[in-house]
Amino acid sequence: MRTLILGGARSGKSALAERLATDGGREVVYVATAQAHDDEMHDRIAHHRERRPAHWRSVEEPLALADVLRRHAREDRCLLVDCLTLWLSNLLIDPEPARFERERAAVLDLLPGLPGDVLLVSNEVGFGIVPMGALSRRFVDEAGRLHQAIATQCERVLFVTAGLPIALKGALNGDSP
């Protein structure tokens with residue numbers, strides 16, 4: 001099953017994804033897309049690392065997400081990707097402009113056929129005002145487009161606010177609606 005988990009910053013979306021991964025009873029591969037460019041981000045990454053169970057396998061990949069998913073997906077595994085918006089940010093500032101389209105297309109092409117469970121965590125950023133800067137506007141636009149494209153390929157889409165999940169598509173517990 002493919003699940004997209006959306007929410008704002010500190011909404012509880014990562015904690016929900018981790019709980020769903022644990023409850024699924026499969027081997028978990030945690031795919032982290034963050035990069036520590038400053039002390040604050042370093043602290044956020046450390047917090048996520050500390051929270052993960054020690055027996056989970058972790059893979060850190062800021063750009064080549066499709067390659068990691070392809071390499072680690074198996075019927076008896078759960079892949080937990082945290083998070084798509086950090087991955088998107090990394091791609092948008094990559095010095096090779098064409099890489100964004102190539103990596104995005106690769107993920108969208110691969111996702112429907114992946115074996116096992118896939119949990120995709122992402123920040124919903126479309127509720128705020130339109131940003132003033134061109135890069136910020138592009139980020140919001142591309143995040144919205146990415147979420148729409150991935151949501152069509154997922155059996156379940158959840159939105160988390162104040163730690164409370166709401167099923168937008170499928171059921172909270174993973175069963176059919």
# chains A, B, ... in the order shown; residues from 1 in each chain; ligands from 1

$ residues_around --residues "Val29 in chain A" --least-positions-apart "3" --cutoff "7 Å" --atoms "only C-alpha atoms" --output "list in words"
Trp56, Arg57, Ser58, Cys78, Leu79 and Leu80 of chain A

$ write_last_selection --atoms "N, CA and C atoms" --output "compact mmCIF listing (two decimals), in the first residue's frame"
# COMPACT_ATOMS: atom_id res chain seq x y z
N TRP A 56 15.55 -0.30 12.78
CA TRP A 56 15.19 0.19 11.45
C TRP A 56 16.46 0.49 10.67
N ARG A 57 16.44 0.17 9.43
CA ARG A 57 17.55 0.54 8.55
C ARG A 57 17.30 1.97 8.07
N SER A 58 18.34 2.80 8.08
CA SER A 58 18.21 4.17 7.62
C SER A 58 19.08 4.40 6.39
N CYS A 78 8.57 -2.09 4.54
CA CYS A 78 7.91 -0.80 4.53
C CYS A 78 9.00 0.26 4.32
N LEU A 79 8.83 1.07 3.30
CA LEU A 79 9.73 2.20 3.07
C LEU A 79 9.04 3.45 3.60
N LEU A 80 9.72 4.16 4.49
CA LEU A 80 9.18 5.39 5.04
C LEU A 80 10.07 6.54 4.56

$ residues_around --residues "Asp141 in chain A" --least-positions-apart "3" --cutoff "12 Å" --atoms "only C-alpha atoms" --output "ChimeraX atom specification"
/A:85,88-89,92,124-127,130-131,134-138,144-148

$ write_last_selection --atoms "N, CA and C atoms" --output "compact mmCIF listing (two decimals), in the first residue's frame"
# COMPACT_ATOMS: atom_id res chain seq x y z
N THR A 85 9.01 17.21 0.81
CA THR A 85 9.25 18.64 0.60
C THR A 85 10.72 18.99 0.80
N LEU A 88 12.22 17.91 -2.43
CA LEU A 88 11.89 18.92 -3.43
C LEU A 88 12.78 20.15 -3.30
N SER A 89 12.97 20.63 -2.08
CA SER A 89 13.85 21.78 -1.85
C SER A 89 15.26 21.50 -2.35
N LEU A 92 15.30 21.70 -6.12
CA LEU A 92 15.10 23.04 -6.68
C LEU A 92 16.35 23.91 -6.57
N GLU A 124 2.43 20.13 3.89
CA GLU A 124 1.43 20.84 3.11
C GLU A 124 1.69 22.32 3.30
N VAL A 125 2.08 22.99 2.23
CA VAL A 125 2.46 24.40 2.33
C VAL A 125 1.50 25.32 1.59
N GLY A 126 0.43 24.77 1.06
CA GLY A 126 -0.48 25.55 0.24
C GLY A 126 -1.55 26.31 0.98
N PHE A 127 -1.52 26.34 2.30
CA PHE A 127 -2.56 27.03 3.07
C PHE A 127 -2.21 28.49 3.38
N VAL A 130 0.67 33.69 -0.71
CA VAL A 130 1.60 33.48 -1.82
C VAL A 130 2.91 34.16 -1.45
N PRO A 131 4.02 33.41 -1.44
CA PRO A 131 5.30 34.00 -1.06
C PRO A 131 5.75 35.09 -2.03
N ALA A 134 10.57 34.51 -5.92
CA ALA A 134 10.31 33.60 -7.04
C ALA A 134 10.59 32.15 -6.66
N LEU A 135 11.70 31.88 -5.97
CA LEU A 135 12.02 30.50 -5.59
C LEU A 135 10.98 29.96 -4.61
N SER A 136 10.56 30.77 -3.66
CA SER A 136 9.54 30.34 -2.70
C SER A 136 8.21 30.05 -3.40
N ARG A 137 7.84 30.91 -4.35
CA ARG A 137 6.60 30.65 -5.11
C ARG A 137 6.72 29.36 -5.91
N ARG A 138 7.86 29.14 -6.53
CA ARG A 138 8.06 27.91 -7.30
C ARG A 138 7.97 26.69 -6.38
N GLY A 144 2.67 21.59 -4.45
CA GLY A 144 1.26 21.30 -4.72
C GLY A 144 1.08 20.34 -5.88
N ARG A 145 1.83 20.56 -6.95
CA ARG A 145 1.75 19.65 -8.10
C ARG A 145 2.23 18.25 -7.73
N LEU A 146 3.32 18.17 -6.98
CA LEU A 146 3.85 16.87 -6.56
C LEU A 146 2.83 16.12 -5.69
N HIS A 147 2.25 16.81 -4.73
CA HIS A 147 1.26 16.18 -3.85
C HIS A 147 0.06 15.66 -4.64
N GLN A 148 -0.42 16.44 -5.59
CA GLN A 148 -1.55 15.99 -6.41
C GLN A 148 -1.19 14.74 -7.21

$ residues_around --residues "Gln153 in chain A" --least-positions-apart "4" --cutoff "12 Å" --atoms "only C-alpha atoms" --output "list in words"
Met1, Arg2, Thr3, Leu4, Val107, Leu108, Asp109, Leu110, Leu111, Pro112, Gly113, Leu114, Val118, Leu120, Leu146, His147, Gln148, Ala149, Val157, Lys169 and Gly170 of chain A

$ select_by_dssp --residues "chain A" --states "alpha helix (DSSP H)" --output "number ranges by chain"
A: 13-23, 39-51, 65-72, 84-92, 98-110, 134-153

$ write_last_selection --atoms "C-alpha atoms" --output "PDB file, in the first residue's frame"
ATOM      1  CA  LYS A  13       2.885  13.659  10.459  1.00  0.00           C
ATOM      2  CA  SER A  14       6.308  12.038  10.998  1.00  0.00           C
ATOM      3  CA  ALA A  15       5.213  10.495  14.286  1.00  0.00           C
ATOM      4  CA  LEU A  16       2.122   9.092  12.548  1.00  0.00           C
ATOM      5  CA  ALA A  17       4.228   7.650   9.731  1.00  0.00           C
ATOM      6  CA  GLU A  18       6.566   6.037  12.243  1.00  0.00           C
ATOM      7  CA  ARG A  19       3.627   4.536  14.136  1.00  0.00           C
ATOM      8  CA  LEU A  20       2.085   3.170  10.915  1.00  0.00           C
ATOM      9  CA  ALA A  21       5.448   1.687   9.927  1.00  0.00           C
ATOM     10  CA  THR A  22       5.807   0.012  13.324  1.00  0.00           C
ATOM     11  CA  ASP A  23       2.207  -1.231  13.375  1.00  0.00           C
ATOM     12  CA  ASP A  39      22.820  23.994  13.273  1.00  0.00           C
ATOM     13  CA  GLU A  40      19.034  24.168  13.490  1.00  0.00           C
ATOM     14  CA  MET A  41      18.605  21.567  10.743  1.00  0.00           C
ATOM     15  CA  HIS A  42      21.323  19.441  12.316  1.00  0.00           C
ATOM     16  CA  ASP A  43      19.282  19.433  15.552  1.00  0.00           C
ATOM     17  CA  ARG A  44      16.081  18.483  13.689  1.00  0.00           C
ATOM     18  CA  ILE A  45      17.840  15.577  11.988  1.00  0.00           C
ATOM     19  CA  ALA A  46      19.290  14.408  15.310  1.00  0.00           C
ATOM     20  CA  HIS A  47      15.809  14.499  16.888  1.00  0.00           C
ATOM     21  CA  HIS A  48      14.401  12.296  14.104  1.00  0.00           C
ATOM     22  CA  ARG A  49      17.333   9.862  14.374  1.00  0.00           C
ATOM     23  CA  GLU A  50      16.870   9.520  18.142  1.00  0.00           C
ATOM     24  CA  ARG A  51      13.163   8.806  17.757  1.00  0.00           C
ATOM     25  CA  LEU A  65      14.936   9.169  -4.256  1.00  0.00           C
ATOM     26  CA  ALA A  66      13.735   6.876  -7.061  1.00  0.00           C
ATOM     27  CA  ASP A  67      17.039   4.979  -7.017  1.00  0.00           C
ATOM     28  CA  VAL A  68      16.775   4.406  -3.266  1.00  0.00           C
ATOM     29  CA  LEU A  69      13.142   3.290  -3.507  1.00  0.00           C
ATOM     30  CA  ARG A  70      13.942   0.899  -6.351  1.00  0.00           C
ATOM     31  CA  ARG A  71      16.921  -0.554  -4.505  1.00  0.00           C
ATOM     32  CA  HIS A  72      15.169  -1.104  -1.154  1.00  0.00           C
ATOM     33  CA  LEU A  84       9.141  14.864   0.106  1.00  0.00           C
ATOM     34  CA  THR A  85       9.255  18.636   0.599  1.00  0.00           C
ATOM     35  CA  LEU A  86      12.867  18.520   1.786  1.00  0.00           C
ATOM     36  CA  TRP A  87      13.667  16.366  -1.253  1.00  0.00           C
ATOM     37  CA  LEU A  88      11.885  18.915  -3.435  1.00  0.00           C
ATOM     38  CA  SER A  89      13.850  21.783  -1.851  1.00  0.00           C
ATOM     39  CA  ASN A  90      17.120  19.948  -2.471  1.00  0.00           C
ATOM     40  CA  LEU A  91      16.227  19.460  -6.124  1.00  0.00           C
ATOM     41  CA  LEU A  92      15.100  23.038  -6.676  1.00  0.00           C
ATOM     42  CA  ALA A  98      17.162  19.549 -15.384  1.00  0.00           C
ATOM     43  CA  ARG A  99      17.655  17.225 -12.424  1.00  0.00           C
ATOM     44  CA  PHE A 100      14.391  18.307 -10.802  1.00  0.00           C
ATOM     45  CA  GLU A 101      12.200  17.152 -13.700  1.00  0.00           C
ATOM     46  CA  ARG A 102      14.196  13.965 -14.163  1.00  0.00           C
ATOM     47  CA  GLU A 103      14.056  12.934 -10.479  1.00  0.00           C
ATOM     48  CA  ARG A 104      10.378  13.897 -10.108  1.00  0.00           C
ATOM     49  CA  ALA A 105       9.429  11.872 -13.199  1.00  0.00           C
ATOM     50  CA  ALA A 106      11.469   8.902 -11.974  1.00  0.00           C
ATOM     51  CA  VAL A 107       9.625   8.819  -8.638  1.00  0.00           C
ATOM     52  CA  LEU A 108       6.212   9.198 -10.259  1.00  0.00           C
ATOM     53  CA  ASP A 109       6.984   6.453 -12.794  1.00  0.00           C
ATOM     54  CA  LEU A 110       8.300   4.065 -10.144  1.00  0.00           C
ATOM     55  CA  ALA A 134      10.309  33.598  -7.036  1.00  0.00           C
ATOM     56  CA  LEU A 135      12.019  30.497  -5.590  1.00  0.00           C
ATOM     57  CA  SER A 136       9.538  30.343  -2.704  1.00  0.00           C
ATOM     58  CA  ARG A 137       6.598  30.649  -5.109  1.00  0.00           C
ATOM     59  CA  ARG A 138       8.056  27.910  -7.297  1.00  0.00           C
ATOM     60  CA  PHE A 139       8.522  25.686  -4.244  1.00  0.00           C
ATOM     61  CA  VAL A 140       4.873  26.104  -3.193  1.00  0.00           C
ATOM     62  CA  ASP A 141       3.674  25.482  -6.755  1.00  0.00           C
ATOM     63  CA  GLU A 142       5.866  22.409  -7.267  1.00  0.00           C
ATOM     64  CA  ALA A 143       4.941  20.980  -3.862  1.00  0.00           C
ATOM     65  CA  GLY A 144       1.259  21.302  -4.722  1.00  0.00           C
ATOM     66  CA  ARG A 145       1.751  19.652  -8.104  1.00  0.00           C
ATOM     67  CA  LEU A 146       3.848  16.865  -6.558  1.00  0.00           C
ATOM     68  CA  HIS A 147       1.258  16.176  -3.854  1.00  0.00           C
ATOM     69  CA  GLN A 148      -1.551  15.990  -6.407  1.00  0.00           C
ATOM     70  CA  ALA A 149       0.402  13.615  -8.639  1.00  0.00           C
ATOM     71  CA  ILE A 150       1.433  11.347  -5.772  1.00  0.00           C
ATOM     72  CA  ALA A 151      -2.026  11.392  -4.186  1.00  0.00           C
ATOM     73  CA  THR A 152      -3.512   9.915  -7.363  1.00  0.00           C
ATOM     74  CA  GLN A 153      -1.060   7.003  -7.083  1.00  0.00           C
TER      75      GLN A 153
END

$ residues_around --residues "Arg10 in chain A" --least-positions-apart "2" --cutoff "10 Å" --atoms "only C-alpha atoms" --output "VMD selection string"
chain A and resid 7 to 8 12 to 15 123 160 to 163

$ write_last_selection --atoms "C-alpha atoms" --output "compact mmCIF listing (two decimals), in the first residue's frame"
# COMPACT_ATOMS: atom_id res chain seq x y z
CA GLY A 7 0.56 18.16 7.33
CA GLY A 8 2.14 21.38 8.49
CA GLY A 12 2.60 15.07 13.99
CA LYS A 13 2.88 13.66 10.46
CA SER A 14 6.31 12.04 11.00
CA ALA A 15 5.21 10.49 14.29
CA ASN A 123 4.64 19.29 4.33
CA VAL A 160 -2.39 15.52 10.09
CA THR A 161 -3.07 18.60 12.18
CA ALA A 162 -2.50 18.99 15.94
CA GLY A 163 -1.41 15.35 15.98

$ select_by_dssp --residues "range 19-175 of chain A" --states "strand (DSSP E)" --output "ChimeraX atom specification"
/A:27-32,57-60,77-82,117-123,156-161,164-169

$ atom_distance --atom1 "CA of Gly128 in chain A" --atom2 "CA of Ala34 in chain A"
22.7 Å

$ closest_residue --among "A:Glu27, A:Leu172, A:Phe159, A:Ala73" --to "Pro115 in chain A" --atoms "only C-alpha atoms"
A:Ala73

$ decode --residues "range 91-129 of chain A" --atoms "N, CA and C atoms" --output "PDB file, in the first residue's frame"
ATOM      1  N   LEU A  91      16.206  19.483  -4.659  1.00  0.00           N
ATOM      2  CA  LEU A  91      16.227  19.460  -6.124  1.00  0.00           C
ATOM      3  C   LEU A  91      16.111  20.857  -6.726  1.00  0.00           C
ATOM      4  N   LEU A  92      15.296  21.698  -6.123  1.00  0.00           N
ATOM      5  CA  LEU A  92      15.100  23.038  -6.676  1.00  0.00           C
ATOM      6  C   LEU A  92      16.348  23.907  -6.573  1.00  0.00           C
ATOM      7  N   ILE A  93      17.218  23.621  -5.614  1.00  0.00           N
ATOM      8  CA  ILE A  93      18.451  24.403  -5.496  1.00  0.00           C
ATOM      9  C   ILE A  93      19.662  23.669  -6.073  1.00  0.00           C
ATOM     10  N   ASP A  94      19.436  22.495  -6.643  1.00  0.00           N
ATOM     11  CA  ASP A  94      20.534  21.743  -7.253  1.00  0.00           C
ATOM     12  C   ASP A  94      21.111  22.545  -8.428  1.00  0.00           C
ATOM     13  N   PRO A  95      22.437  22.551  -8.588  1.00  0.00           N
ATOM     14  CA  PRO A  95      23.041  23.329  -9.675  1.00  0.00           C
ATOM     15  C   PRO A  95      22.660  22.858 -11.075  1.00  0.00           C
ATOM     16  N   GLU A  96      22.174  21.625 -11.180  1.00  0.00           N
ATOM     17  CA  GLU A  96      21.749  21.109 -12.488  1.00  0.00           C
ATOM     18  C   GLU A  96      20.231  21.274 -12.610  1.00  0.00           C
ATOM     19  N   PRO A  97      19.746  22.293 -13.316  1.00  0.00           N
ATOM     20  CA  PRO A  97      18.306  22.586 -13.369  1.00  0.00           C
ATOM     21  C   PRO A  97      17.449  21.428 -13.883  1.00  0.00           C
ATOM     22  N   ALA A  98      17.952  20.645 -14.808  1.00  0.00           N
ATOM     23  CA  ALA A  98      17.162  19.549 -15.384  1.00  0.00           C
ATOM     24  C   ALA A  98      16.973  18.384 -14.412  1.00  0.00           C
ATOM     25  N   ARG A  99      17.742  18.353 -13.358  1.00  0.00           N
ATOM     26  CA  ARG A  99      17.655  17.225 -12.424  1.00  0.00           C
ATOM     27  C   ARG A  99      16.291  17.153 -11.750  1.00  0.00           C
ATOM     28  N   PHE A 100      15.694  18.302 -11.458  1.00  0.00           N
ATOM     29  CA  PHE A 100      14.391  18.307 -10.802  1.00  0.00           C
ATOM     30  C   PHE A 100      13.362  17.511 -11.602  1.00  0.00           C
ATOM     31  N   GLU A 101      13.193  17.845 -12.870  1.00  0.00           N
ATOM     32  CA  GLU A 101      12.200  17.152 -13.700  1.00  0.00           C
ATOM     33  C   GLU A 101      12.522  15.674 -13.836  1.00  0.00           C
ATOM     34  N   ARG A 102      13.778  15.361 -13.997  1.00  0.00           N
ATOM     35  CA  ARG A 102      14.196  13.965 -14.163  1.00  0.00           C
ATOM     36  C   ARG A 102      13.906  13.137 -12.899  1.00  0.00           C
ATOM     37  N   GLU A 103      14.273  13.664 -11.739  1.00  0.00           N
ATOM     38  CA  GLU A 103      14.056  12.934 -10.479  1.00  0.00           C
ATOM     39  C   GLU A 103      12.571  12.828 -10.142  1.00  0.00           C
ATOM     40  N   ARG A 104      11.827  13.904 -10.368  1.00  0.00           N
ATOM     41  CA  ARG A 104      10.378  13.897 -10.108  1.00  0.00           C
ATOM     42  C   ARG A 104       9.705  12.846 -10.984  1.00  0.00           C
ATOM     43  N   ALA A 105      10.016  12.842 -12.273  1.00  0.00           N
ATOM     44  CA  ALA A 105       9.429  11.872 -13.199  1.00  0.00           C
ATOM     45  C   ALA A 105       9.798  10.447 -12.802  1.00  0.00           C
ATOM     46  N   ALA A 106      11.027  10.247 -12.366  1.00  0.00           N
ATOM     47  CA  ALA A 106      11.469   8.902 -11.974  1.00  0.00           C
ATOM     48  C   ALA A 106      10.661   8.385 -10.785  1.00  0.00           C
ATOM     49  N   VAL A 107      10.416   9.238  -9.803  1.00  0.00           N
ATOM     50  CA  VAL A 107       9.625   8.819  -8.638  1.00  0.00           C
ATOM     51  C   VAL A 107       8.194   8.520  -9.054  1.00  0.00           C
ATOM     52  N   LEU A 108       7.603   9.398  -9.847  1.00  0.00           N
ATOM     53  CA  LEU A 108       6.212   9.198 -10.259  1.00  0.00           C
ATOM     54  C   LEU A 108       6.051   7.966 -11.144  1.00  0.00           C
ATOM     55  N   ASP A 109       7.039   7.658 -11.959  1.00  0.00           N
ATOM     56  CA  ASP A 109       6.984   6.453 -12.794  1.00  0.00           C
ATOM     57  C   ASP A 109       7.138   5.184 -11.970  1.00  0.00           C
ATOM     58  N   LEU A 110       7.969   5.241 -10.946  1.00  0.00           N
ATOM     59  CA  LEU A 110       8.300   4.065 -10.144  1.00  0.00           C
ATOM     60  C   LEU A 110       7.235   3.727  -9.107  1.00  0.00           C
ATOM     61  N   LEU A 111       6.661   4.733  -8.496  1.00  0.00           N
ATOM     62  CA  LEU A 111       5.785   4.548  -7.336  1.00  0.00           C
ATOM     63  C   LEU A 111       4.657   3.531  -7.523  1.00  0.00           C
ATOM     64  N   PRO A 112       3.916   3.549  -8.615  1.00  0.00           N
ATOM     65  CA  PRO A 112       2.784   2.610  -8.713  1.00  0.00           C
ATOM     66  C   PRO A 112       3.179   1.131  -8.676  1.00  0.00           C
ATOM     67  N   GLY A 113       4.364   0.794  -9.101  1.00  0.00           N
ATOM     68  CA  GLY A 113       4.754  -0.608  -9.165  1.00  0.00           C
ATOM     69  C   GLY A 113       5.615  -1.099  -8.024  1.00  0.00           C
ATOM     70  N   LEU A 114       5.865  -0.261  -7.029  1.00  0.00           N
ATOM     71  CA  LEU A 114       6.739  -0.683  -5.935  1.00  0.00           C
ATOM     72  C   LEU A 114       6.080  -1.762  -5.083  1.00  0.00           C
ATOM     73  N   PRO A 115       6.812  -2.810  -4.748  1.00  0.00           N
ATOM     74  CA  PRO A 115       6.269  -3.823  -3.837  1.00  0.00           C
ATOM     75  C   PRO A 115       6.330  -3.342  -2.392  1.00  0.00           C
ATOM     76  N   GLY A 116       5.571  -3.967  -1.524  1.00  0.00           N
ATOM     77  CA  GLY A 116       5.586  -3.625  -0.106  1.00  0.00           C
ATOM     78  C   GLY A 116       4.792  -2.364   0.184  1.00  0.00           C
ATOM     79  N   ASP A 117       5.024  -1.831   1.376  1.00  0.00           N
ATOM     80  CA  ASP A 117       4.352  -0.607   1.799  1.00  0.00           C
ATOM     81  C   ASP A 117       5.289   0.579   1.611  1.00  0.00           C
ATOM     82  N   VAL A 118       4.707   1.713   1.250  1.00  0.00           N
ATOM     83  CA  VAL A 118       5.466   2.949   1.112  1.00  0.00           C
ATOM     84  C   VAL A 118       4.694   4.045   1.832  1.00  0.00           C
ATOM     85  N   LEU A 119       5.362   4.700   2.779  1.00  0.00           N
ATOM     86  CA  LEU A 119       4.800   5.831   3.509  1.00  0.00           C
ATOM     87  C   LEU A 119       5.592   7.068   3.105  1.00  0.00           C
ATOM     88  N   LEU A 120       4.905   8.056   2.553  1.00  0.00           N
ATOM     89  CA  LEU A 120       5.543   9.276   2.061  1.00  0.00           C
ATOM     90  C   LEU A 120       5.065  10.454   2.897  1.00  0.00           C
ATOM     91  N   VAL A 121       5.976  11.082   3.611  1.00  0.00           N
ATOM     92  CA  VAL A 121       5.653  12.218   4.469  1.00  0.00           C
ATOM     93  C   VAL A 121       5.985  13.497   3.720  1.00  0.00           C
ATOM     94  N   SER A 122       5.102  14.505   3.812  1.00  0.00           N
ATOM     95  CA  SER A 122       5.359  15.767   3.134  1.00  0.00           C
ATOM     96  C   SER A 122       4.642  16.908   3.830  1.00  0.00           C
ATOM     97  N   ASN A 123       5.239  18.087   3.756  1.00  0.00           N
ATOM     98  CA  ASN A 123       4.644  19.294   4.334  1.00  0.00           C
ATOM     99  C   ASN A 123       3.620  19.882   3.376  1.00  0.00           C
ATOM    100  N   GLU A 124       2.430  20.127   3.892  1.00  0.00           N
ATOM    101  CA  GLU A 124       1.427  20.843   3.106  1.00  0.00           C
ATOM    102  C   GLU A 124       1.689  22.324   3.301  1.00  0.00           C
ATOM    103  N   VAL A 125       2.083  22.993   2.231  1.00  0.00           N
ATOM    104  CA  VAL A 125       2.464  24.402   2.331  1.00  0.00           C
ATOM    105  C   VAL A 125       1.497  25.318   1.590  1.00  0.00           C
ATOM    106  N   GLY A 126       0.430  24.774   1.060  1.00  0.00           N
ATOM    107  CA  GLY A 126      -0.478  25.554   0.236  1.00  0.00           C
ATOM    108  C   GLY A 126      -1.551  26.311   0.976  1.00  0.00           C
ATOM    109  N   PHE A 127      -1.519  26.342   2.303  1.00  0.00           N
ATOM    110  CA  PHE A 127      -2.557  27.035   3.072  1.00  0.00           C
ATOM    111  C   PHE A 127      -2.211  28.492   3.376  1.00  0.00           C
ATOM    112  N   GLY A 128      -0.963  28.874   3.140  1.00  0.00           N
ATOM    113  CA  GLY A 128      -0.528  30.213   3.499  1.00  0.00           C
ATOM    114  C   GLY A 128      -0.695  31.203   2.365  1.00  0.00           C
ATOM    115  N   ILE A 129      -0.121  32.368   2.569  1.00  0.00           N
ATOM    116  CA  ILE A 129      -0.167  33.405   1.544  1.00  0.00           C
ATOM    117  C   ILE A 129       0.821  33.059   0.431  1.00  0.00           C
TER     118      ILE A 129
END
